[in-house]
Amino acid sequence: MNNFTKIASTAVASAVLATTAFADGHAQKWDMPMAYAATNFHSEFGVVFADKVREYTEGAVDITVHAGGSLFGGGDIKRAIQTGQVPIGERFMSAHANEAPLLGWDNLPFIATSYADNAKLWEAARDTVNTQLADLNLVALYTCPWPGQGFYFNKEVASSADTQGIKFRSYNSATATFAEELGMIPVQIEAAELSQALATGVASAFISSGSTGYDRKVWEHLSHYYKVNAWLPRNYVMVNTQAWDGLDDAAKAGIQKAADETGAACAAKSEELANFYFDELEKNGMTVEDAGPDFLAELKTIGEKMTAEWLETAGAEGQKILDAYNK
Ligand code: PCA
């Protein structure tokens, strides 16, 4: 076959593909809610993913991204997908650990603190997590890590003596526990609402990556970032199981190829951006430094307790993840 006939026959095959995305033969338009700012790399990669899906399915599956919690707020996205209100969406995985403890696998303090270790931990967790997600009527397509997590404050903090009584924005039950152990008062707030919460005094501290501080311009309200690298939590793009099962094999393969490529590129981008965010926080007047030894020692003690508590709720399956990771 010369190149021209090769292209021509691929085009014919693609045209057939384009009309058979679903077992019943029609092309699909999918709305995809995402929780974080449109300019955040997770959301930008959501758009990359949608473009790749359109390309690899020859237009048979046409995904429209709705970033920043604009279609469903972050806290509602998973349920919207589970119940079929939307076929696909993206959310922070460990936000669901209160309902399914295993999903807190990436929120264990000081277990996997580099991108390489985080990737290794995901490999160890993947099958168990996917089984858990299947029970929730979900199929995960790709995941992507945030940069390491550290603490934002509006003052210098050397130990828990300085954190008593502070109102703390948490993003899941584990971070609420972390705050309580440090004598702070947790309140769960979406990243999309963070700037307002800081402006109105609903919270004056939080744990996150440099990324979210940058997205929300938190230098307008806060002065210090302490690098801790406690964990690198992941977002995941998930599909409703019935929506997935309704696709023909060619569409599934096209979407999975798009997902594999996007997940890898998103993780690489996260790593590339990690220090850029710190530089930006500093440029905008924040003090960015490693947590001091006393504070870090306290965080590590709390971290061990949190991992033990997670193992109690996640049970043998949780232990299996850590054993596979430590092998
Ligand atoms: N940013 C998200 C989750 C983890 C992160 O780095 C947030 O703060 O909501």
# chains A, B, ... in the order shown; residues from 1 in each chain; ligands from 1

$ residues_around --residues "Gly263 in chain A" --least-positions-apart "3" --cutoff "8 Å" --atoms "only C-alpha atoms" --output "MDAnalysis selection string"
chainID A and resid 142:144 259:260 266:267

$ residues_near_ligand --ligand "ligand 1" --cutoff "10 Å" --atoms "only C-alpha atoms and all ligand atoms" --output "PyMOL selection string"
chain A and resi 35-36+40+74+91-95+107+145-150+169-172+188-194+206-213+215-216+231-235

$ residues_around --residues "range 67-71 of chain A" --least-positions-apart "4" --cutoff "9 Å" --atoms "only C-alpha atoms" --output "JSON, numbers by chain"
{"A": [31, 32, 33, 34, 35, 36, 37, 38, 39, 43, 44, 46, 75, 76, 77, 191, 192]}

$ atom_distance --atom1 "CA of Ile166 in chain A" --atom2 "CA of Phe153 in chain A"
9.2 Å

$ residues_around --residues "Gln82 in chain A" --least-positions-apart "2" --cutoff "8 Å" --atoms "only C-alpha atoms" --output "MDAnalysis selection string"
chainID A and resid 78:80 84:85 136:138 240:241

$ select_by_dssp --residues "range 21-236 of chain A" --states "strand (DSSP E)" --output "short mmCIF file (atom, residue, chain, number, x, y, z; two decimals) with C-alpha atoms, in the first residue's frame"
data_model
loop_
_atom_site.label_atom_id
_atom_site.label_comp_id
_atom_site.auth_asym_id
_atom_site.auth_seq_id
_atom_site.Cartn_x
_atom_site.Cartn_y
_atom_site.Cartn_z
CA GLN A 28 -22.22 11.32 21.51
CA LYS A 29 -21.77 14.74 23.08
CA TRP A 30 -20.44 14.53 26.63
CA ASP A 31 -20.31 17.38 29.15
CA MET A 32 -17.31 17.07 31.48
CA PRO A 33 -17.41 19.05 34.73
CA VAL A 61 -17.28 11.25 21.20
CA ASP A 62 -17.30 15.01 21.58
CA ILE A 63 -16.40 16.17 25.10
CA THR A 64 -17.00 19.73 26.35
CA VAL A 65 -15.02 20.70 29.46
CA HIS A 66 -16.68 22.88 32.12
CA ILE A 88 -17.79 12.03 32.66
CA GLY A 89 -16.02 14.42 35.02
CA GLU A 90 -12.95 15.15 37.11
CA ARG A 91 -12.43 15.42 40.82
CA PHE A 92 -9.88 15.21 43.63
CA LEU A 138 -17.29 4.54 38.07
CA VAL A 139 -14.48 3.79 35.64
CA ALA A 140 -11.27 5.83 36.06
CA LEU A 141 -9.64 6.94 32.80
CA TYR A 142 -6.57 8.80 34.03
CA THR A 143 -5.18 10.40 37.16
CA CYS A 144 -2.77 13.31 37.56
CA PRO A 145 -0.87 14.41 40.68
CA GLY A 150 2.57 22.36 52.32
CA PHE A 151 1.02 24.90 54.68
CA TYR A 152 -0.14 28.46 54.07
CA PHE A 153 -0.41 30.89 57.00
CA LYS A 167 -9.44 28.65 61.16
CA PHE A 168 -8.16 26.20 58.60
CA ARG A 169 -9.50 25.45 55.14
CA SER A 170 -9.52 21.66 54.67
CA ILE A 185 -10.45 24.59 63.45
CA PRO A 186 -11.13 22.98 60.07
CA VAL A 187 -13.76 24.10 57.61
CA GLN A 188 -14.09 22.32 54.27
CA ALA A 205 -4.66 28.94 56.75
CA PHE A 206 -4.74 25.84 54.58
CA ILE A 207 -2.71 22.97 53.20
CA SER A 208 -2.19 22.68 49.45
CA HIS A 224 3.93 32.39 54.53
CA TYR A 225 4.18 29.10 52.71
CA TYR A 226 5.95 26.21 54.44
CA LYS A 227 7.13 23.47 52.09
CA ARG A 234 -4.30 13.10 42.59
CA ASN A 235 -7.24 14.24 40.54
CA TYR A 236 -8.93 11.66 38.38
#

$ closest_residue --among "A:Thr163, A:Val228, A:Arg126, A:Glu55" --to "Ser114 in chain A" --atoms "only C-alpha atoms"
A:Val228

$ residues_around --residues "Phe276 in chain A" --least-positions-apart "2" --cutoff "12 Å" --atoms "only C-alpha atoms" --output "list in words"
Pro147, Ser209, Gly210, Ser211, Gly213, Tyr214, Lys269, Ser270, Glu271, Glu272, Leu273, Ala274, Phe278, Asp279, Glu280, Leu281, Glu282 and Lys283 of chain A

$ write_last_selection --atoms "N, CA and C atoms" --output "PDB file, in the first residue's frame"
ATOM      1  N   PRO A 147       1.279  19.038  42.747  1.00  0.00           N
ATOM      2  CA  PRO A 147       2.589  19.122  43.416  1.00  0.00           C
ATOM      3  C   PRO A 147       2.444  18.862  44.926  1.00  0.00           C
ATOM      4  N   SER A 209      -0.866  22.687  47.449  1.00  0.00           N
ATOM      5  CA  SER A 209       0.352  22.862  46.663  1.00  0.00           C
ATOM      6  C   SER A 209       0.565  24.345  46.379  1.00  0.00           C
ATOM      7  N   GLY A 210       1.734  24.673  45.827  1.00  0.00           N
ATOM      8  CA  GLY A 210       1.956  26.024  45.336  1.00  0.00           C
ATOM      9  C   GLY A 210       0.962  26.374  44.232  1.00  0.00           C
ATOM     10  N   SER A 211       0.487  25.348  43.555  1.00  0.00           N
ATOM     11  CA  SER A 211      -0.407  25.544  42.417  1.00  0.00           C
ATOM     12  C   SER A 211      -1.704  26.258  42.815  1.00  0.00           C
ATOM     13  N   GLY A 213      -2.308  27.946  45.582  1.00  0.00           N
ATOM     14  CA  GLY A 213      -2.019  29.284  46.095  1.00  0.00           C
ATOM     15  C   GLY A 213      -1.849  30.281  44.960  1.00  0.00           C
ATOM     16  N   TYR A 214      -1.189  29.826  43.901  1.00  0.00           N
ATOM     17  CA  TYR A 214      -0.975  30.664  42.718  1.00  0.00           C
ATOM     18  C   TYR A 214      -2.307  30.939  42.006  1.00  0.00           C
ATOM     19  N   LYS A 269       3.851  17.706  33.459  1.00  0.00           N
ATOM     20  CA  LYS A 269       3.644  19.154  33.575  1.00  0.00           C
ATOM     21  C   LYS A 269       3.595  19.574  35.044  1.00  0.00           C
ATOM     22  N   SER A 270       2.945  18.759  35.859  1.00  0.00           N
ATOM     23  CA  SER A 270       2.848  19.060  37.289  1.00  0.00           C
ATOM     24  C   SER A 270       4.253  19.182  37.890  1.00  0.00           C
ATOM     25  N   GLU A 271       5.091  18.232  37.559  1.00  0.00           N
ATOM     26  CA  GLU A 271       6.465  18.236  38.085  1.00  0.00           C
ATOM     27  C   GLU A 271       7.237  19.457  37.576  1.00  0.00           C
ATOM     28  N   GLU A 272       7.026  19.759  36.304  1.00  0.00           N
ATOM     29  CA  GLU A 272       7.726  20.891  35.694  1.00  0.00           C
ATOM     30  C   GLU A 272       7.309  22.214  36.357  1.00  0.00           C
ATOM     31  N   LEU A 273       6.040  22.312  36.755  1.00  0.00           N
ATOM     32  CA  LEU A 273       5.519  23.571  37.286  1.00  0.00           C
ATOM     33  C   LEU A 273       5.766  23.771  38.778  1.00  0.00           C
ATOM     34  N   ALA A 274       6.118  22.697  39.494  1.00  0.00           N
ATOM     35  CA  ALA A 274       6.150  22.769  40.969  1.00  0.00           C
ATOM     36  C   ALA A 274       6.977  23.959  41.476  1.00  0.00           C
ATOM     37  N   PHE A 278       6.286  28.157  43.342  1.00  0.00           N
ATOM     38  CA  PHE A 278       6.967  28.740  44.509  1.00  0.00           C
ATOM     39  C   PHE A 278       7.580  30.097  44.140  1.00  0.00           C
ATOM     40  N   ASP A 279       8.192  30.147  42.956  1.00  0.00           N
ATOM     41  CA  ASP A 279       8.788  31.414  42.512  1.00  0.00           C
ATOM     42  C   ASP A 279       7.723  32.511  42.426  1.00  0.00           C
ATOM     43  N   GLU A 280       6.570  32.139  41.910  1.00  0.00           N
ATOM     44  CA  GLU A 280       5.496  33.128  41.765  1.00  0.00           C
ATOM     45  C   GLU A 280       4.986  33.605  43.126  1.00  0.00           C
ATOM     46  N   LEU A 281       4.865  32.679  44.064  1.00  0.00           N
ATOM     47  CA  LEU A 281       4.432  33.080  45.414  1.00  0.00           C
ATOM     48  C   LEU A 281       5.435  34.082  45.988  1.00  0.00           C
ATOM     49  N   GLU A 282       6.717  33.794  45.798  1.00  0.00           N
ATOM     50  CA  GLU A 282       7.761  34.687  46.323  1.00  0.00           C
ATOM     51  C   GLU A 282       7.737  36.042  45.620  1.00  0.00           C
ATOM     52  N   LYS A 283       7.618  36.006  44.307  1.00  0.00           N
ATOM     53  CA  LYS A 283       7.582  37.251  43.528  1.00  0.00           C
ATOM     54  C   LYS A 283       6.452  38.150  43.997  1.00  0.00           C
TER      55      LYS A 283
END
